[in-house]
$ cat my_file_17.txt   # compact mmCIF, N, CA and C atoms
# COMPACT_ATOMS: atom_id res chain seq x y z
N MET G 26 -50.83 27.19 0.96
CA MET G 26 -49.58 27.73 1.43
C MET G 26 -49.03 26.87 2.57
N ARG G 27 -49.86 26.53 3.51
CA ARG G 27 -49.46 25.71 4.66
C ARG G 27 -48.99 24.34 4.19
N ASN G 28 -49.68 23.78 3.22
CA ASN G 28 -49.34 22.48 2.69
C ASN G 28 -47.97 22.50 2.02
N GLU G 29 -47.70 23.57 1.31
CA GLU G 29 -46.42 23.75 0.64
C GLU G 29 -45.28 23.88 1.66
N ALA G 30 -45.50 24.59 2.74
CA ALA G 30 -44.50 24.74 3.79
C ALA G 30 -44.24 23.40 4.48
N ASP G 31 -45.30 22.63 4.70
CA ASP G 31 -45.13 21.31 5.31
C ASP G 31 -44.29 20.40 4.41
N LEU G 32 -44.52 20.47 3.11
CA LEU G 32 -43.74 19.66 2.18
C LEU G 32 -42.27 20.06 2.20
N LEU G 33 -42.01 21.37 2.27
CA LEU G 33 -40.63 21.83 2.34
C LEU G 33 -39.94 21.37 3.62
N VAL G 34 -40.67 21.41 4.73
CA VAL G 34 -40.11 20.96 6.01
C VAL G 34 -39.82 19.47 5.95
N LYS G 35 -40.75 18.67 5.40
CA LYS G 35 -40.54 17.22 5.31
C LYS G 35 -39.35 16.91 4.40
N TYR G 36 -39.25 17.67 3.31
CA TYR G 36 -38.12 17.48 2.39
C TYR G 36 -36.79 17.81 3.09
N ALA G 37 -36.76 18.87 3.85
CA ALA G 37 -35.56 19.25 4.59
C ALA G 37 -35.23 18.22 5.65
N GLU G 38 -36.25 17.71 6.35
CA GLU G 38 -36.01 16.68 7.37
C GLU G 38 -35.47 15.41 6.73
N ARG G 39 -36.01 15.03 5.58
CA ARG G 39 -35.54 13.83 4.88
C ARG G 39 -34.08 14.00 4.44
N ASN G 40 -33.75 15.19 3.95
CA ASN G 40 -32.37 15.46 3.57
C ASN G 40 -31.44 15.44 4.78
N ALA G 41 -31.92 15.95 5.90
CA ALA G 41 -31.11 15.95 7.12
C ALA G 41 -30.85 14.52 7.58
N VAL G 42 -31.88 13.68 7.53
CA VAL G 42 -31.72 12.27 7.95
C VAL G 42 -30.74 11.56 7.00
N ARG G 43 -30.88 11.81 5.70
CA ARG G 43 -29.99 11.17 4.73
C ARG G 43 -28.55 11.65 4.94
N SER G 44 -28.37 12.93 5.16
CA SER G 44 -27.02 13.47 5.38
C SER G 44 -26.41 12.93 6.66
N ARG G 45 -27.23 12.81 7.70
CA ARG G 45 -26.75 12.27 8.96
C ARG G 45 -26.32 10.81 8.78
N ALA G 46 -27.10 10.04 8.04
CA ALA G 46 -26.76 8.64 7.79
C ALA G 46 -25.46 8.53 7.00
N GLN G 47 -25.29 9.37 5.99
CA GLN G 47 -24.05 9.36 5.22
C GLN G 47 -22.85 9.74 6.09
N PHE G 48 -23.05 10.73 6.94
CA PHE G 48 -21.98 11.16 7.84
C PHE G 48 -21.59 10.04 8.79
N MET G 49 -22.60 9.37 9.36
CA MET G 49 -22.31 8.29 10.30
C MET G 49 -21.61 7.12 9.59
N ALA G 50 -22.00 6.83 8.35
CA ALA G 50 -21.34 5.77 7.60
C ALA G 50 -19.89 6.14 7.32
N THR G 51 -19.65 7.39 6.96
CA THR G 51 -18.29 7.85 6.72
C THR G 51 -17.45 7.79 7.99
N LEU G 52 -18.03 8.20 9.10
CA LEU G 52 -17.32 8.15 10.37
C LEU G 52 -16.99 6.71 10.76
N ALA G 53 -17.92 5.80 10.54
CA ALA G 53 -17.65 4.38 10.83
C ALA G 53 -16.53 3.84 9.96
N GLU G 54 -16.50 4.24 8.69
CA GLU G 54 -15.44 3.79 7.79
C GLU G 54 -14.09 4.35 8.22
N ILE G 55 -14.06 5.60 8.66
CA ILE G 55 -12.81 6.21 9.15
C ILE G 55 -12.33 5.48 10.39
N ARG G 56 -13.24 5.17 11.29
CA ARG G 56 -12.85 4.43 12.50
C ARG G 56 -12.31 3.05 12.15
N ARG G 57 -12.95 2.37 11.19
CA ARG G 57 -12.51 1.04 10.80
C ARG G 57 -11.12 1.12 10.19
N ARG G 58 -10.89 2.09 9.32
CA ARG G 58 -9.59 2.21 8.66
C ARG G 58 -8.49 2.68 9.60
N ALA G 59 -8.84 3.37 10.65
CA ALA G 59 -7.85 3.86 11.61
C ALA G 59 -7.44 2.79 12.61
N ASP G 60 -8.13 1.65 12.59
CA ASP G 60 -7.81 0.55 13.50
C ASP G 60 -6.43 -0.01 13.11
N PRO G 61 -5.51 -0.11 14.05
CA PRO G 61 -4.16 -0.59 13.73
C PRO G 61 -4.15 -1.98 13.09
N ARG G 62 -5.08 -2.84 13.47
CA ARG G 62 -5.12 -4.18 12.87
C ARG G 62 -5.46 -4.10 11.39
N VAL G 63 -6.37 -3.19 11.04
CA VAL G 63 -6.73 -3.02 9.64
C VAL G 63 -5.56 -2.44 8.86
N ILE G 64 -4.87 -1.48 9.44
CA ILE G 64 -3.72 -0.87 8.78
C ILE G 64 -2.64 -1.93 8.52
N VAL G 65 -2.37 -2.76 9.52
CA VAL G 65 -1.35 -3.81 9.36
C VAL G 65 -1.79 -4.82 8.31
N ALA G 66 -3.06 -5.20 8.33
CA ALA G 66 -3.55 -6.17 7.34
C ALA G 66 -3.46 -5.62 5.93
N GLU G 67 -3.83 -4.36 5.75
CA GLU G 67 -3.75 -3.75 4.42
C GLU G 67 -2.29 -3.61 3.97
N ALA G 68 -1.41 -3.26 4.90
CA ALA G 68 0.01 -3.15 4.55
C ALA G 68 0.59 -4.51 4.16
N ALA G 69 0.22 -5.54 4.91
CA ALA G 69 0.70 -6.89 4.61
C ALA G 69 0.17 -7.35 3.25
N GLU G 70 -1.08 -7.07 2.98
CA GLU G 70 -1.68 -7.44 1.69
C GLU G 70 -0.97 -6.71 0.54
N ASN G 71 -0.67 -5.45 0.75
CA ASN G 71 0.04 -4.67 -0.25
C ASN G 71 1.44 -5.21 -0.48
N LEU G 72 2.12 -5.56 0.61
CA LEU G 72 3.48 -6.10 0.51
C LEU G 72 3.49 -7.43 -0.23
N VAL G 73 2.55 -8.29 0.06
CA VAL G 73 2.47 -9.58 -0.63
C VAL G 73 2.19 -9.36 -2.12
N GLY G 74 1.31 -8.42 -2.42
CA GLY G 74 1.01 -8.12 -3.82
C GLY G 74 2.23 -7.61 -4.56
N ARG G 75 2.99 -6.73 -3.93
CA ARG G 75 4.21 -6.21 -4.57
C ARG G 75 5.26 -7.31 -4.73
N ALA G 76 5.38 -8.18 -3.74
CA ALA G 76 6.35 -9.28 -3.84
C ALA G 76 5.97 -10.22 -4.98
N ASN G 77 4.70 -10.51 -5.11
CA ASN G 77 4.25 -11.37 -6.21
C ASN G 77 4.50 -10.70 -7.56
N GLN G 78 4.25 -9.41 -7.64
CA GLN G 78 4.50 -8.68 -8.89
C GLN G 78 5.99 -8.68 -9.23
N LEU G 79 6.84 -8.48 -8.22
CA LEU G 79 8.29 -8.52 -8.44
C LEU G 79 8.73 -9.89 -8.92
N ARG G 80 8.19 -10.94 -8.31
CA ARG G 80 8.53 -12.30 -8.73
C ARG G 80 8.11 -12.53 -10.18
N ASN G 81 6.89 -12.10 -10.51
CA ASN G 81 6.41 -12.28 -11.89
C ASN G 81 7.27 -11.50 -12.89
N ASP G 82 7.62 -10.27 -12.54
CA ASP G 82 8.46 -9.46 -13.42
C ASP G 82 9.84 -10.09 -13.59
N THR G 83 10.39 -10.60 -12.50
CA THR G 83 11.72 -11.21 -12.55
C THR G 83 11.71 -12.46 -13.42
N THR G 84 10.72 -13.32 -13.22
CA THR G 84 10.68 -14.56 -14.03
C THR G 84 10.45 -14.23 -15.50
N THR G 85 9.63 -13.22 -15.78
CA THR G 85 9.41 -12.82 -17.17
C THR G 85 10.70 -12.29 -17.79
N THR G 86 11.42 -11.47 -17.05
CA THR G 86 12.67 -10.92 -17.55
C THR G 86 13.70 -12.02 -17.78
N ILE G 87 13.81 -12.95 -16.86
CA ILE G 87 14.76 -14.05 -17.01
C ILE G 87 14.39 -14.91 -18.21
N ARG G 88 13.11 -15.14 -18.38
CA ARG G 88 12.66 -15.94 -19.50
C ARG G 88 12.91 -15.24 -20.84
N ASN G 89 12.68 -13.93 -20.87
CA ASN G 89 12.83 -13.18 -22.12
C ASN G 89 14.27 -12.83 -22.45
N ARG G 90 15.10 -12.56 -21.43
CA ARG G 90 16.48 -12.13 -21.65
C ARG G 90 17.42 -12.85 -20.68
N PRO G 91 17.65 -14.13 -20.91
CA PRO G 91 18.47 -14.89 -19.95
C PRO G 91 19.91 -14.41 -19.86
N ALA G 92 20.52 -14.04 -20.98
CA ALA G 92 21.92 -13.61 -20.95
C ALA G 92 22.07 -12.33 -20.15
N LEU G 93 21.17 -11.38 -20.37
CA LEU G 93 21.22 -10.13 -19.64
C LEU G 93 20.97 -10.36 -18.14
N SER G 94 20.05 -11.25 -17.85
CA SER G 94 19.73 -11.54 -16.45
C SER G 94 20.91 -12.17 -15.73
N PHE G 95 21.55 -13.15 -16.39
CA PHE G 95 22.69 -13.80 -15.74
C PHE G 95 23.89 -12.86 -15.65
N GLY G 96 24.04 -11.97 -16.62
CA GLY G 96 25.09 -10.96 -16.55
C GLY G 96 24.87 -10.02 -15.37
N GLY G 97 23.63 -9.61 -15.16
CA GLY G 97 23.30 -8.76 -14.01
C GLY G 97 23.53 -9.49 -12.70
N LEU G 98 23.16 -10.76 -12.66
CA LEU G 98 23.39 -11.55 -11.45
C LEU G 98 24.88 -11.70 -11.18
N ALA G 99 25.66 -11.92 -12.22
CA ALA G 99 27.12 -12.03 -12.06
C ALA G 99 27.71 -10.71 -11.56
N ALA G 100 27.25 -9.61 -12.13
CA ALA G 100 27.74 -8.30 -11.69
C ALA G 100 27.40 -8.05 -10.23
N PHE G 101 26.19 -8.44 -9.83
CA PHE G 101 25.79 -8.29 -8.43
C PHE G 101 26.68 -9.14 -7.53
N GLY G 102 26.94 -10.38 -7.94
CA GLY G 102 27.81 -11.26 -7.16
C GLY G 102 29.22 -10.70 -7.03
N ILE G 103 29.73 -10.16 -8.13
CA ILE G 103 31.07 -9.56 -8.10
C ILE G 103 31.09 -8.35 -7.16
N ALA G 104 30.05 -7.52 -7.23
CA ALA G 104 30.00 -6.33 -6.36
C ALA G 104 29.95 -6.73 -4.89
N VAL G 105 29.16 -7.74 -4.56
CA VAL G 105 29.07 -8.20 -3.17
C VAL G 105 30.41 -8.80 -2.74
N GLY G 106 31.00 -9.62 -3.60
CA GLY G 106 32.29 -10.22 -3.27
C GLY G 106 33.37 -9.17 -3.08
N LEU G 107 33.38 -8.15 -3.93
CA LEU G 107 34.35 -7.07 -3.81
C LEU G 107 34.15 -6.32 -2.50
N ARG G 108 32.92 -6.08 -2.15
CA ARG G 108 32.62 -5.37 -0.89
C ARG G 108 33.11 -6.17 0.31
N VAL G 109 32.84 -7.48 0.31
CA VAL G 109 33.30 -8.34 1.41
C VAL G 109 34.82 -8.38 1.44
N TRP G 110 35.44 -8.52 0.28
CA TRP G 110 36.90 -8.59 0.22
C TRP G 110 37.53 -7.30 0.74
N LEU G 111 36.98 -6.13 0.34
CA LEU G 111 37.51 -4.85 0.82
C LEU G 111 37.30 -4.69 2.33
N ALA G 112 36.17 -5.14 2.84
CA ALA G 112 35.92 -5.04 4.28
C ALA G 112 36.90 -5.91 5.06
N ARG G 113 37.18 -7.11 4.56
CA ARG G 113 38.14 -7.98 5.25
C ARG G 113 39.55 -7.40 5.16
N ALA G 114 39.87 -6.82 4.03
CA ALA G 114 41.21 -6.22 3.88
C ALA G 114 41.37 -5.07 4.86
N LYS G 115 40.32 -4.29 5.07
CA LYS G 115 40.40 -3.18 6.02
C LYS G 115 40.55 -3.72 7.44
N VAL G 116 39.83 -4.78 7.79
CA VAL G 116 39.94 -5.34 9.14
C VAL G 116 41.34 -5.89 9.35
N ASP G 117 41.88 -6.58 8.32
CA ASP G 117 43.24 -7.11 8.45
C ASP G 117 44.26 -5.99 8.58
N ARG G 118 44.09 -4.92 7.83
CA ARG G 118 45.00 -3.78 7.87
C ARG G 118 44.92 -3.08 9.25
N ASP G 119 43.70 -2.96 9.79
CA ASP G 119 43.52 -2.34 11.10
C ASP G 119 44.10 -3.20 12.23
N ALA G 120 44.09 -4.53 12.04
CA ALA G 120 44.57 -5.42 13.07
C ALA G 120 46.10 -5.38 13.18
N THR G 121 46.77 -5.04 12.12
CA THR G 121 48.24 -5.03 12.18
C THR G 121 48.80 -3.72 12.60
$ encode --input "my_file_17.txt" --output "structure tokens"
Amino acid sequence: MRNEADLLVKYAERNAVRSRAQFMATLAEIRRRADPRVIVAEAAENLVGRANQLRNDTTTTIRNRPALSFGGLAAFGIAVGLRVWLARAKVDRDAT
């Protein structure tokens, strides 16, 4: 009976040590991730990855559908030009 109780105590102590080690590892990981330098580095890495993906998607789209791509680019240019022209017209109208 005593031997069985000792085994249960040792098993519980081993589980407590293992749980404590897991908790400390988790706490260390939380501290590392909460570091502003790590957050900035991960954000920058994510941004670069998204920019590369956008570039790849854009080049694939241009390669696969050049007419549609150039039409979209022309429409964008017209929209920007129209916006600039309307803004200048408003400034000229306000000045007089």
$ axis_aligned_box --input "my_file_17.txt" --around "region 44-60 of chain G" --padding-each-side "3 Å" --output "JSON"
{"center_x": -17.4, "center_y": 6.7, "center_z": 9.3, "size_x": 27.9, "size_y": 19.5, "size_z": 14.3}
$ atom_distance --input "my_file_17.txt" --atom1 "atom N of Phe95 (chain G)" --atom2 "atom N of Thr83 (chain G)"
12.1 Å
$ atom_distance --input "my_file_17.txt" --atom1 "CA of Thr84 (chain G)" --atom2 "CA of Ala68 (chain G)"
24.3 Å
$ atom_distance --input "my_file_17.txt" --atom1 "atom C of Arg43 (chain G)" --atom2 "CA of Ile64 (chain G)"
28.1 Å
